[in-house]
Number of protein chains: 2
Amino acid sequence: MVRFTQTISRRTALLGLGSTGFASLMPAVAFGQADPLPAWTDGAAKTAILSFVTRVTTAGSPEFVRPSERIAVFDNDGTLWAEQPAYFQALFILDRLKAMAPDHPEWKDKEPFASVLKGDLHAVVAGGTKVILELVAATHAGMTVDAFDRTVRAWLQTARHPKTAKPYTQMVYQPMLELLAFFRNQGFKTFIVSGGGIEFMRAFAEEVYGVPPEQVIGSSGKLQFELRDGVPVIVKLPDINFIDDKEAKPVGIQQHIGRRPIAAFGNSDGDLAMLQWTAAGPGARLPVYIHHTDNVREWAYDRNSKIGRLDKGLDEAAAKRWTIVSMKDDWKRIFPFEP
Amino acid sequence: MVRFTQTISRRTALLGLGSTGFASLMPAVAFGQADPLPAWTDGAAKTAILSFVTRVTTAGSPEFVRPSERIAVFDNDGTLWAEQPAYFQALFILDRLKAMAPDHPEWKDKEPFASVLKGDLHAVVAGGTKVILELVAATHAGMTVDAFDRTVRAWLQTARHPKTAKPYTQMVYQPMLELLAFFRNQGFKTFIVSGGGIEFMRAFAEEVYGVPPEQVIGSSGKLQFELRDGVPVIVKLPDINFIDDKEAKPVGIQQHIGRRPIAAFGNSDGDLAMLQWTAAGPGARLPVYIHHTDNVREWAYDRNSKIGRLDKGLDEAAAKRWTIVSMKDDWKRIFPFEP
């Protein structure tokens, strides 16, 4: 990580901020006198974020951006909440499969169901978003979107993370919660752009992140409107509609937002195209990678991980001098439940 | 129209508003003392709209809706702007085809291009959204979304409506502009949900309607992210992605918004499913049809029109006592350029 923070420090120096850049920026961005990002250490990453926000929100600044164009996008798994030992949605599917298995004896001899029911998550992890969506289809086709929403909410109430025994909605990153609120306070619209299922994320995004359903972009299955006994319902179909990963992320952004973001946060190679798209626009830009470097408080993984692999992205971020947040060094606190 | 307005008056009476309902509601909904809907006559439609807004925005009301759930959706063609003598986007395509024809000699012998180039709009009108999107694909595949946006904006600057000679962005309905602003002032988020092309509408929706790109839902082609000489671009592909019409409108709403609207405005059978979906939710609901009844100031058409046919919807609105706005009777002014 040394080489990246050096790179960023050099850039900070070029901007004339020097090593005390953070302190000198505070008056311009603070609301009241409080530090808007208390869980962040006063390092290069925090300085880069505060500098960017100051520049795009200061009237008369050459880099000023009008509020309607202040679009910030955030990956979810590994960026806003944890993704180990498996994507949380995969654990949800596992629980759904187990609950439904008595009515589906055929699953015992059919992959990937058989492996998953034996508790073998490798099949899911190795298959990535595609296998997850196949399992979603198998378990939820025919369900109305309202019923699916209730199922996810009920699961989030009772399910616990296998390592921390906390509800999954507490496995979110405190510094990122602060960042979401800070951006919104500065006139940004915050969007989630994730490979996770769009309906799955919408079940908690507003309550947990303050991001309303219409600002959640994700993978999705096809839907169908129908009248059931004269009552209109929207039903989940087994077919995949959109997988919001890699090069599809800028496409999902264009389809849903129709405007290029000026800030983007991700943690894996799956976010690289989204960061490239964000970075390549005119004016001030803030492409940020969250780097999982803390194997004590969270998990440490990057180039060789099956979940959230960050390899090409790490090289490109270094080459292009994007901000890289080291969870170990840049975050005082990772989860809200820490003391 | 008599039978529908009678139906509405009966409903108004049931709500205890009586014939002076409008006046008695004014203090609760007005901001300042001004009438928020000056282009609307003080009739049953205006009363129903103001009553609805009062009920869902008054704290402590049994029908109060928190701001984040105040979602209002609006069809575009025939609901927010005119759609005669053809969908304006079809006229845009016609101009594009003409401009590109010298480079495409093969179009002279190929339908629907040949008919369109001869100025025969019937092929487009009869084919509806699907043919329009095919023509869009033929004329715009390979173009970046940025270039397409510039093309639409340039066309809107110079093109004129064949009957009024006004720019198309002035062929919008003054009462609906007031309604959009009024809803937003009352804490609603306003969305466009239209069969029109999503990128086409986004080129003017923010400036003309105050609806930002991320709140525009429409038909779309597939997109692709690619690096051109190392520069990230999003390119329009020839394949259709989504046709936002009829039963697909509630699907588009679910995909983009993820929340059921409480108010919906349309003008054709293509909007019926959207109005059904909106009307069937719990609590106060406002499904509204705009009925084209004014053959002097605008156009009069419904059950037998090829454009914007309103047949099944008219019957269902009567049966379910939805609000029907008669453009002739309920609107003092139709276009902003009228005296």
# chains A, B, ... in the order shown; residues from 1 in each chain; ligands from 1
call {"tool": "residues_around", "arguments": {"residues": "region 263-277 of chain B", "least_positions_apart": "6", "cutoff": "6 Å", "atoms": "only C-alpha atoms", "output": "PDB file with all heavy atoms, in the first residue's frame"}}
result
ATOM      1  N   PRO A 232     -54.032  -6.625  -9.369  1.00  0.00           N
ATOM      2  CA  PRO A 232     -52.758  -6.476 -10.083  1.00  0.00           C
ATOM      3  C   PRO A 232     -51.576  -6.872  -9.194  1.00  0.00           C
ATOM      4  O   PRO A 232     -51.499  -6.440  -8.040  1.00  0.00           O
ATOM      5  CB  PRO A 232     -52.688  -4.972 -10.386  1.00  0.00           C
ATOM      6  CG  PRO A 232     -54.055  -4.425 -10.110  1.00  0.00           C
ATOM      7  CD  PRO A 232     -54.680  -5.335  -9.098  1.00  0.00           C
TER       8      PRO A 232
ATOM      9  N   ALA B  72     -45.262   9.984  -7.795  1.00  0.00           N
ATOM     10  CA  ALA B  72     -46.262  10.274  -8.824  1.00  0.00           C
ATOM     11  C   ALA B  72     -45.644  10.011 -10.191  1.00  0.00           C
ATOM     12  O   ALA B  72     -44.530  10.460 -10.459  1.00  0.00           O
ATOM     13  CB  ALA B  72     -46.735  11.720  -8.735  1.00  0.00           C
ATOM     14  N   VAL B  73     -46.355   9.262 -11.029  1.00  0.00           N
ATOM     15  CA  VAL B  73     -45.838   8.907 -12.354  1.00  0.00           C
ATOM     16  C   VAL B  73     -46.699   9.516 -13.453  1.00  0.00           C
ATOM     17  O   VAL B  73     -47.927   9.601 -13.328  1.00  0.00           O
ATOM     18  CB  VAL B  73     -45.737   7.377 -12.532  1.00  0.00           C
ATOM     19  CG1 VAL B  73     -44.651   6.799 -11.623  1.00  0.00           C
ATOM     20  CG2 VAL B  73     -47.075   6.699 -12.272  1.00  0.00           C
ATOM     21  N   PHE B  74     -46.047   9.930 -14.520  1.00  0.00           N
ATOM     22  CA  PHE B  74     -46.706  10.619 -15.623  1.00  0.00           C
ATOM     23  C   PHE B  74     -46.275  10.017 -16.950  1.00  0.00           C
ATOM     24  O   PHE B  74     -45.076   9.973 -17.250  1.00  0.00           O
ATOM     25  CB  PHE B  74     -46.333  12.114 -15.621  1.00  0.00           C
ATOM     26  CG  PHE B  74     -46.757  12.854 -14.390  1.00  0.00           C
ATOM     27  CD1 PHE B  74     -45.994  12.786 -13.225  1.00  0.00           C
ATOM     28  CD2 PHE B  74     -47.921  13.605 -14.377  1.00  0.00           C
ATOM     29  CE1 PHE B  74     -46.384  13.461 -12.067  1.00  0.00           C
ATOM     30  CE2 PHE B  74     -48.327  14.286 -13.230  1.00  0.00           C
ATOM     31  CZ  PHE B  74     -47.557  14.211 -12.072  1.00  0.00           C
ATOM     32  N   ASP B  75     -47.243   9.556 -17.723  1.00  0.00           N
ATOM     33  CA  ASP B  75     -46.967   9.262 -19.119  1.00  0.00           C
ATOM     34  C   ASP B  75     -46.525  10.564 -19.794  1.00  0.00           C
ATOM     35  O   ASP B  75     -46.835  11.655 -19.299  1.00  0.00           O
ATOM     36  CB  ASP B  75     -48.238   8.711 -19.785  1.00  0.00           C
ATOM     37  CG  ASP B  75     -48.094   8.610 -21.279  1.00  0.00           C
ATOM     38  OD1 ASP B  75     -47.165   7.918 -21.727  1.00  0.00           O
ATOM     39  OD2 ASP B  75     -48.899   9.242 -21.995  1.00  0.00           O
ATOM     40  N   THR B  79     -49.915  13.103 -22.528  1.00  0.00           N
ATOM     41  CA  THR B  79     -50.213  13.407 -21.121  1.00  0.00           C
ATOM     42  C   THR B  79     -49.465  14.663 -20.670  1.00  0.00           C
ATOM     43  O   THR B  79     -50.027  15.525 -20.002  1.00  0.00           O
ATOM     44  CB  THR B  79     -49.843  12.213 -20.217  1.00  0.00           C
ATOM     45  OG1 THR B  79     -50.627  11.080 -20.600  1.00  0.00           O
ATOM     46  CG2 THR B  79     -50.112  12.535 -18.748  1.00  0.00           C
ATOM     47  N   ASP B 245     -44.469  -0.015 -22.409  1.00  0.00           N
ATOM     48  CA  ASP B 245     -45.843   0.249 -22.799  1.00  0.00           C
ATOM     49  C   ASP B 245     -46.748  -0.832 -22.209  1.00  0.00           C
ATOM     50  O   ASP B 245     -46.311  -1.950 -21.949  1.00  0.00           O
ATOM     51  CB  ASP B 245     -45.942   0.259 -24.333  1.00  0.00           C
ATOM     52  CG  ASP B 245     -47.228   0.928 -24.819  1.00  0.00           C
ATOM     53  OD1 ASP B 245     -47.783   1.766 -24.080  1.00  0.00           O
ATOM     54  OD2 ASP B 245     -47.659   0.615 -25.942  1.00  0.00           O
ATOM     55  N   LYS B 246     -48.004  -0.496 -21.995  1.00  0.00           N
ATOM     56  CA  LYS B 246     -49.018  -1.444 -21.505  1.00  0.00           C
ATOM     57  C   LYS B 246     -48.557  -2.159 -20.222  1.00  0.00           C
ATOM     58  O   LYS B 246     -48.181  -1.492 -19.266  1.00  0.00           O
ATOM     59  CB  LYS B 246     -49.376  -2.436 -22.614  1.00  0.00           C
ATOM     60  CG  LYS B 246     -49.934  -1.751 -23.889  1.00  0.00           C
ATOM     61  CD  LYS B 246     -50.488  -2.776 -24.840  1.00  0.00           C
ATOM     62  CE  LYS B 246     -51.082  -2.120 -26.086  1.00  0.00           C
ATOM     63  NZ  LYS B 246     -50.092  -1.563 -27.030  1.00  0.00           N
ATOM     64  N   GLU B 247     -48.622  -3.514 -20.228  1.00  0.00           N
ATOM     65  CA  GLU B 247     -48.291  -4.265 -19.014  1.00  0.00           C
ATOM     66  C   GLU B 247     -46.824  -4.088 -18.605  1.00  0.00           C
ATOM     67  O   GLU B 247     -46.446  -4.447 -17.484  1.00  0.00           O
ATOM     68  CB  GLU B 247     -48.588  -5.765 -19.204  1.00  0.00           C
ATOM     69  CG  GLU B 247     -50.058  -6.137 -19.085  1.00  0.00           C
ATOM     70  CD  GLU B 247     -50.887  -5.655 -20.265  1.00  0.00           C
ATOM     71  OE1 GLU B 247     -50.307  -5.434 -21.344  1.00  0.00           O
ATOM     72  OE2 GLU B 247     -52.106  -5.472 -20.094  1.00  0.00           O
ATOM     73  N   LYS B 249     -45.414  -1.216 -18.306  1.00  0.00           N
ATOM     74  CA  LYS B 249     -45.229   0.024 -17.532  1.00  0.00           C
ATOM     75  C   LYS B 249     -45.094  -0.249 -16.030  1.00  0.00           C
ATOM     76  O   LYS B 249     -44.188   0.293 -15.390  1.00  0.00           O
ATOM     77  CB  LYS B 249     -46.354   1.021 -17.826  1.00  0.00           C
ATOM     78  CG  LYS B 249     -46.155   1.726 -19.174  1.00  0.00           C
ATOM     79  CD  LYS B 249     -46.899   3.059 -19.239  1.00  0.00           C
ATOM     80  CE  LYS B 249     -46.526   3.810 -20.518  1.00  0.00           C
ATOM     81  NZ  LYS B 249     -46.927   5.218 -20.499  1.00  0.00           N
ATOM     82  N   PRO B 250     -45.964  -1.074 -15.435  1.00  0.00           N
ATOM     83  CA  PRO B 250     -45.728  -1.380 -14.018  1.00  0.00           C
ATOM     84  C   PRO B 250     -44.380  -2.083 -13.799  1.00  0.00           C
ATOM     85  O   PRO B 250     -43.736  -1.881 -12.768  1.00  0.00           O
ATOM     86  CB  PRO B 250     -46.890  -2.320 -13.657  1.00  0.00           C
ATOM     87  CG  PRO B 250     -47.946  -2.052 -14.668  1.00  0.00           C
ATOM     88  CD  PRO B 250     -47.222  -1.661 -15.925  1.00  0.00           C
ATOM     89  N   ARG B 285     -55.303   6.907  -3.249  1.00  0.00           N
ATOM     90  CA  ARG B 285     -54.774   6.646  -4.589  1.00  0.00           C
ATOM     91  C   ARG B 285     -55.346   7.659  -5.556  1.00  0.00           C
ATOM     92  O   ARG B 285     -56.517   8.034  -5.426  1.00  0.00           O
ATOM     93  CB  ARG B 285     -55.186   5.235  -5.047  1.00  0.00           C
ATOM     94  CG  ARG B 285     -54.667   4.128  -4.160  1.00  0.00           C
ATOM     95  CD  ARG B 285     -53.227   3.810  -4.483  1.00  0.00           C
ATOM     96  NE  ARG B 285     -52.464   3.436  -3.306  1.00  0.00           N
ATOM     97  CZ  ARG B 285     -51.173   3.082  -3.359  1.00  0.00           C
ATOM     98  NH1 ARG B 285     -50.537   3.068  -4.517  1.00  0.00           N
ATOM     99  NH2 ARG B 285     -50.530   2.793  -2.258  1.00  0.00           N
ATOM    100  N   LEU B 286     -54.557   8.076  -6.541  1.00  0.00           N
ATOM    101  CA  LEU B 286     -55.045   9.027  -7.538  1.00  0.00           C
ATOM    102  C   LEU B 286     -54.685   8.561  -8.950  1.00  0.00           C
ATOM    103  O   LEU B 286     -53.660   8.951  -9.487  1.00  0.00           O
ATOM    104  CB  LEU B 286     -54.456  10.423  -7.275  1.00  0.00           C
ATOM    105  CG  LEU B 286     -54.979  11.538  -8.193  1.00  0.00           C
ATOM    106  CD1 LEU B 286     -56.445  11.848  -7.913  1.00  0.00           C
ATOM    107  CD2 LEU B 286     -54.127  12.805  -8.042  1.00  0.00           C
ATOM    108  N   PRO B 287     -55.528   7.698  -9.543  1.00  0.00           N
ATOM    109  CA  PRO B 287     -55.334   7.338 -10.947  1.00  0.00           C
ATOM    110  C   PRO B 287     -56.124   8.314 -11.825  1.00  0.00           C
ATOM    111  O   PRO B 287     -57.322   8.502 -11.614  1.00  0.00           O
ATOM    112  CB  PRO B 287     -55.909   5.921 -11.043  1.00  0.00           C
ATOM    113  CG  PRO B 287     -56.794   5.758  -9.835  1.00  0.00           C
ATOM    114  CD  PRO B 287     -56.650   6.949  -8.928  1.00  0.00           C
ATOM    115  N   VAL B 288     -55.457   8.927 -12.802  1.00  0.00           N
ATOM    116  CA  VAL B 288     -56.092   9.986 -13.597  1.00  0.00           C
ATOM    117  C   VAL B 288     -55.871   9.746 -15.089  1.00  0.00           C
ATOM    118  O   VAL B 288     -54.751   9.453 -15.521  1.00  0.00           O
ATOM    119  CB  VAL B 288     -55.518  11.378 -13.227  1.00  0.00           C
ATOM    120  CG1 VAL B 288     -56.161  12.469 -14.083  1.00  0.00           C
ATOM    121  CG2 VAL B 288     -55.703  11.672 -11.748  1.00  0.00           C
ATOM    122  N   TYR B 289     -56.963   9.869 -15.844  1.00  0.00           N
ATOM    123  CA  TYR B 289     -56.843   9.880 -17.304  1.00  0.00           C
ATOM    124  C   TYR B 289     -57.028  11.306 -17.816  1.00  0.00           C
ATOM    125  O   TYR B 289     -57.971  11.998 -17.428  1.00  0.00           O
ATOM    126  CB  TYR B 289     -57.902   8.980 -17.950  1.00  0.00           C
ATOM    127  CG  TYR B 289     -57.375   7.613 -18.332  1.00  0.00           C
ATOM    128  CD1 TYR B 289     -58.007   6.445 -17.888  1.00  0.00           C
ATOM    129  CD2 TYR B 289     -56.249   7.488 -19.142  1.00  0.00           C
ATOM    130  CE1 TYR B 289     -57.515   5.187 -18.249  1.00  0.00           C
ATOM    131  CE2 TYR B 289     -55.760   6.239 -19.492  1.00  0.00           C
ATOM    132  CZ  TYR B 289     -56.385   5.101 -19.047  1.00  0.00           C
ATOM    133  OH  TYR B 289     -55.899   3.869 -19.396  1.00  0.00           O
ATOM    134  N   ILE B 290     -56.122  11.725 -18.698  1.00  0.00           N
ATOM    135  CA  ILE B 290     -56.282  12.968 -19.446  1.00  0.00           C
ATOM    136  C   ILE B 290     -57.016  12.604 -20.730  1.00  0.00           C
ATOM    137  O   ILE B 290     -56.534  11.770 -21.511  1.00  0.00           O
ATOM    138  CB  ILE B 290     -54.905  13.597 -19.793  1.00  0.00           C
ATOM    139  CG1 ILE B 290     -54.020  13.729 -18.550  1.00  0.00           C
ATOM    140  CG2 ILE B 290     -55.092  14.924 -20.531  1.00  0.00           C
ATOM    141  CD1 ILE B 290     -54.549  14.625 -17.474  1.00  0.00           C
ATOM    142  N   GLY B 308     -52.544   7.081 -29.375  1.00  0.00           N
ATOM    143  CA  GLY B 308     -53.112   7.355 -28.057  1.00  0.00           C
ATOM    144  C   GLY B 308     -54.535   6.858 -27.877  1.00  0.00           C
ATOM    145  O   GLY B 308     -55.353   7.521 -27.228  1.00  0.00           O
ATOM    146  N   ARG B 309     -54.820   5.666 -28.399  1.00  0.00           N
ATOM    147  CA  ARG B 309     -56.183   5.133 -28.268  1.00  0.00           C
ATOM    148  C   ARG B 309     -56.575   4.970 -26.799  1.00  0.00           C
ATOM    149  O   ARG B 309     -55.836   4.403 -25.997  1.00  0.00           O
ATOM    150  CB  ARG B 309     -56.291   3.779 -28.956  1.00  0.00           C
ATOM    151  CG  ARG B 309     -57.669   3.104 -28.737  1.00  0.00           C
ATOM    152  CD  ARG B 309     -57.818   1.847 -29.547  1.00  0.00           C
ATOM    153  NE  ARG B 309     -57.682   2.169 -30.965  1.00  0.00           N
ATOM    154  CZ  ARG B 309     -57.751   1.260 -31.945  1.00  0.00           C
ATOM    155  NH1 ARG B 309     -57.962  -0.009 -31.657  1.00  0.00           N
ATOM    156  NH2 ARG B 309     -57.610   1.629 -33.198  1.00  0.00           N
ATOM    157  N   LEU B 310     -57.754   5.519 -26.463  1.00  0.00           N
ATOM    158  CA  LEU B 310     -58.285   5.396 -25.102  1.00  0.00           C
ATOM    159  C   LEU B 310     -59.669   4.765 -25.210  1.00  0.00           C
ATOM    160  O   LEU B 310     -60.640   5.437 -25.534  1.00  0.00           O
ATOM    161  CB  LEU B 310     -58.356   6.766 -24.434  1.00  0.00           C
ATOM    162  CG  LEU B 310     -58.934   6.797 -23.005  1.00  0.00           C
ATOM    163  CD1 LEU B 310     -58.107   5.950 -22.051  1.00  0.00           C
ATOM    164  CD2 LEU B 310     -59.021   8.239 -22.491  1.00  0.00           C
ATOM    165  N   GLY B 313     -59.522   1.810 -21.320  1.00  0.00           N
ATOM    166  CA  GLY B 313     -59.210   2.654 -20.173  1.00  0.00           C
ATOM    167  C   GLY B 313     -60.369   3.556 -19.792  1.00  0.00           C
ATOM    168  O   GLY B 313     -60.623   3.808 -18.612  1.00  0.00           O
TER     169      GLY B 313
END
call {"tool": "interface_residues", "arguments": {"of": "chain A", "to": "chain B", "cutoff": "7 Å", "atoms": "only C-alpha atoms", "output": "JSON, numbers by chain"}}
result
{"A": [213, 214, 223, 224, 225, 232, 247, 248, 250, 251, 256, 257, 258, 259, 276, 277, 280]}
call {"tool": "select_by_dssp", "arguments": {"residues": "region 126-299 of chain B", "states": "strand (DSSP E)", "output": "short mmCIF file (atom, residue, chain, number, x, y, z; two decimals) with N, CA and C atoms, in the first residue's frame"}}
result
data_model
loop_
_atom_site.label_atom_id
_atom_site.label_comp_id
_atom_site.auth_asym_id
_atom_site.auth_seq_id
_atom_site.Cartn_x
_atom_site.Cartn_y
_atom_site.Cartn_z
N LYS B 189 -42.03 12.95 -5.41
CA LYS B 189 -41.05 12.77 -6.47
C LYS B 189 -41.84 12.48 -7.73
N THR B 190 -41.57 13.23 -8.80
CA THR B 190 -42.30 13.05 -10.05
C THR B 190 -41.45 12.28 -11.05
N PHE B 191 -42.04 11.24 -11.63
CA PHE B 191 -41.37 10.38 -12.61
C PHE B 191 -42.15 10.40 -13.93
N ILE B 192 -41.42 10.33 -15.03
CA ILE B 192 -42.05 10.09 -16.32
C ILE B 192 -41.97 8.59 -16.60
N VAL B 193 -43.09 8.01 -17.02
CA VAL B 193 -43.13 6.58 -17.38
C VAL B 193 -43.82 6.49 -18.74
N SER B 194 -43.02 6.38 -19.78
CA SER B 194 -43.53 6.57 -21.14
C SER B 194 -43.01 5.53 -22.10
N GLY B 195 -43.79 5.26 -23.14
CA GLY B 195 -43.33 4.40 -24.21
C GLY B 195 -42.24 5.05 -25.06
N GLY B 196 -42.07 6.34 -24.92
CA GLY B 196 -41.04 7.06 -25.66
C GLY B 196 -39.64 6.60 -25.27
N GLY B 197 -38.68 6.91 -26.11
CA GLY B 197 -37.30 6.51 -25.84
C GLY B 197 -36.75 7.23 -24.62
N VAL B 216 -36.68 9.55 -15.27
CA VAL B 216 -37.31 9.28 -16.56
C VAL B 216 -37.21 7.78 -16.86
N ILE B 217 -38.35 7.14 -17.06
CA ILE B 217 -38.42 5.73 -17.41
C ILE B 217 -39.05 5.65 -18.79
N GLY B 218 -38.43 4.88 -19.69
CA GLY B 218 -38.97 4.81 -21.04
C GLY B 218 -38.51 3.56 -21.75
N SER B 219 -38.84 3.49 -23.03
CA SER B 219 -38.34 2.39 -23.85
C SER B 219 -36.86 2.61 -24.10
N SER B 220 -36.14 1.52 -24.33
CA SER B 220 -34.70 1.67 -24.49
C SER B 220 -34.13 0.57 -25.38
N GLY B 221 -32.99 0.89 -25.97
CA GLY B 221 -32.20 -0.11 -26.67
C GLY B 221 -31.11 -0.62 -25.76
N LYS B 222 -30.50 -1.72 -26.14
CA LYS B 222 -29.36 -2.23 -25.36
C LYS B 222 -28.19 -1.26 -25.49
N LEU B 223 -27.37 -1.24 -24.46
CA LEU B 223 -26.18 -0.38 -24.44
C LEU B 223 -24.95 -1.24 -24.20
N GLN B 224 -23.81 -0.71 -24.59
CA GLN B 224 -22.56 -1.42 -24.33
C GLN B 224 -21.48 -0.44 -23.90
N PHE B 225 -20.76 -0.82 -22.86
CA PHE B 225 -19.62 -0.03 -22.41
C PHE B 225 -18.38 -0.52 -23.15
N GLU B 226 -17.62 0.40 -23.70
CA GLU B 226 -16.37 -0.01 -24.33
C GLU B 226 -15.32 1.10 -24.25
N LEU B 227 -14.08 0.71 -24.44
CA LEU B 227 -12.99 1.68 -24.48
C LEU B 227 -12.67 1.95 -25.95
N ARG B 228 -12.83 3.20 -26.38
CA ARG B 228 -12.46 3.57 -27.75
C ARG B 228 -11.18 4.39 -27.69
N VAL B 231 -10.55 5.52 -24.30
CA VAL B 231 -11.55 6.41 -23.69
C VAL B 231 -12.86 5.64 -23.48
N PRO B 232 -13.36 5.60 -22.23
CA PRO B 232 -14.62 4.87 -21.99
C PRO B 232 -15.81 5.57 -22.64
N VAL B 233 -16.60 4.80 -23.36
CA VAL B 233 -17.83 5.32 -23.94
C VAL B 233 -18.95 4.31 -23.73
N ILE B 234 -20.20 4.81 -23.77
CA ILE B 234 -21.35 3.92 -23.76
C ILE B 234 -22.04 4.07 -25.11
N VAL B 235 -22.19 2.93 -25.78
CA VAL B 235 -22.62 2.92 -27.18
C VAL B 235 -24.01 2.30 -27.29
N LYS B 236 -24.82 2.85 -28.16
CA LYS B 236 -26.16 2.31 -28.42
C LYS B 236 -26.05 1.12 -29.37
N LEU B 237 -26.67 0.01 -28.99
CA LEU B 237 -26.69 -1.19 -29.82
C LEU B 237 -28.02 -1.26 -30.57
N PRO B 238 -28.08 -2.05 -31.65
CA PRO B 238 -29.33 -2.11 -32.43
C PRO B 238 -30.46 -2.88 -31.74
N ASP B 239 -30.18 -3.65 -30.68
CA ASP B 239 -31.21 -4.48 -30.07
C ASP B 239 -32.09 -3.70 -29.08
N ILE B 240 -33.36 -4.08 -29.08
CA ILE B 240 -34.29 -3.48 -28.13
C ILE B 240 -34.05 -4.06 -26.74
N ASN B 241 -34.03 -3.21 -25.75
CA ASN B 241 -33.86 -3.65 -24.37
C ASN B 241 -35.19 -3.77 -23.66
N PHE B 242 -36.05 -2.74 -23.82
CA PHE B 242 -37.29 -2.70 -23.04
C PHE B 242 -38.29 -1.79 -23.75
N ALA B 263 -49.92 8.09 -7.21
CA ALA B 263 -50.64 8.90 -8.20
C ALA B 263 -50.08 8.57 -9.59
N ALA B 264 -50.97 8.44 -10.56
CA ALA B 264 -50.52 8.12 -11.92
C ALA B 264 -51.41 8.84 -12.93
N PHE B 265 -50.77 9.41 -13.94
CA PHE B 265 -51.47 10.17 -14.98
C PHE B 265 -51.14 9.58 -16.35
N GLY B 266 -52.18 9.26 -17.11
CA GLY B 266 -51.98 8.74 -18.45
C GLY B 266 -53.08 9.24 -19.36
N LEU B 286 -54.56 8.08 -6.54
CA LEU B 286 -55.04 9.03 -7.54
C LEU B 286 -54.69 8.56 -8.95
N PRO B 287 -55.53 7.70 -9.54
CA PRO B 287 -55.33 7.34 -10.95
C PRO B 287 -56.12 8.31 -11.82
N VAL B 288 -55.46 8.93 -12.80
CA VAL B 288 -56.09 9.99 -13.60
C VAL B 288 -55.87 9.75 -15.09
N TYR B 289 -56.96 9.87 -15.84
CA TYR B 289 -56.84 9.88 -17.30
C TYR B 289 -57.03 11.31 -17.82
N ILE B 290 -56.12 11.72 -18.70
CA ILE B 290 -56.28 12.97 -19.45
C ILE B 290 -57.02 12.60 -20.73
N HIS B 291 -58.18 13.20 -20.95
CA HIS B 291 -59.03 12.85 -22.09
C HIS B 291 -58.94 13.98 -23.13
#
call {"tool": "residues_around", "arguments": {"residues": "Glu178 (chain B)", "least_positions_apart": "4", "cutoff": "10 Å", "atoms": "only C-alpha atoms", "output": "PyMOL selection string"}}
result
chain B and resi 36-40+173-174+182-184+209
call {"tool": "closest_atom_pairs", "arguments": {"of": "region 79-123 of chain B", "to": "region 134-142 of chain B", "cutoff": "12 Å", "atoms": "only C-alpha atoms", "output": "JSON lines"}}
result
{"residue": "B:Gln89", "atom": "CA", "partner": "B:Val136", "partner_atom": "CA", "distance": 9.3}
{"residue": "B:Ala90", "atom": "CA", "partner": "B:Leu135", "partner_atom": "CA", "distance": 8.7}
{"residue": "B:Leu91", "atom": "CA", "partner": "B:Leu135", "partner_atom": "CA", "distance": 11.2}
{"residue": "B:Phe92", "atom": "CA", "partner": "B:Val136", "partner_atom": "CA", "distance": 9.5}
{"residue": "B:Ile93", "atom": "CA", "partner": "B:Val136", "partner_atom": "CA", "distance": 6.6}
{"residue": "B:Leu94", "atom": "CA", "partner": "B:Leu135", "partner_atom": "CA", "distance": 8.8}
{"residue": "B:Asp95", "atom": "CA", "partner": "B:Thr139", "partner_atom": "CA", "distance": 10.5}
{"residue": "B:Arg96", "atom": "CA", "partner": "B:Thr139", "partner_atom": "CA", "distance": 7.0}
{"residue": "B:Leu97", "atom": "CA", "partner": "B:Thr139", "partner_atom": "CA", "distance": 6.7}
{"residue": "B:Lys98", "atom": "CA", "partner": "B:Thr139", "partner_atom": "CA", "distance": 10.3}
{"residue": "B:Ala99", "atom": "CA", "partner": "B:Thr139", "partner_atom": "CA", "distance": 10.0}
{"residue": "B:Met100", "atom": "CA", "partner": "B:Thr139", "partner_atom": "CA", "distance": 7.8}
{"residue": "B:Ala101", "atom": "CA", "partner": "B:Thr139", "partner_atom": "CA", "distance": 9.8}
{"residue": "B:Asp103", "atom": "CA", "partner": "B:Thr139", "partner_atom": "CA", "distance": 11.2}
{"residue": "B:His104", "atom": "CA", "partner": "B:Thr139", "partner_atom": "CA", "distance": 10.2}
{"residue": "B:Trp107", "atom": "CA", "partner": "B:Ala138", "partner_atom": "CA", "distance": 10.3}
{"residue": "B:Lys110", "atom": "CA", "partner": "B:Leu135", "partner_atom": "CA", "distance": 11.9}
{"residue": "B:Glu111", "atom": "CA", "partner": "B:Leu135", "partner_atom": "CA", "distance": 10.2}
{"residue": "B:Pro112", "atom": "CA", "partner": "B:Leu135", "partner_atom": "CA", "distance": 8.1}
{"residue": "B:Phe113", "atom": "CA", "partner": "B:Leu135", "partner_atom": "CA", "distance": 7.8}
{"residue": "B:Ala114", "atom": "CA", "partner": "B:Leu135", "partner_atom": "CA", "distance": 11.6}
{"residue": "B:Ser115", "atom": "CA", "partner": "B:Leu135", "partner_atom": "CA", "distance": 12.0}
{"residue": "B:Val116", "atom": "CA", "partner": "B:Leu135", "partner_atom": "CA", "distance": 9.7}
{"residue": "B:Leu117", "atom": "CA", "partner": "B:Leu135", "partner_atom": "CA", "distance": 11.6}
{"residue": "B:Ala123", "atom": "CA", "partner": "B:Leu135", "partner_atom": "CA", "distance": 11.2}
call {"tool": "residues_around", "arguments": {"residues": "region 334-339 of chain B", "least_positions_apart": "5", "cutoff": "9 Å", "atoms": "only C-alpha atoms", "output": "number ranges by chain"}}
result
B: 39, 81, 166, 170-176, 297-298, 327-328
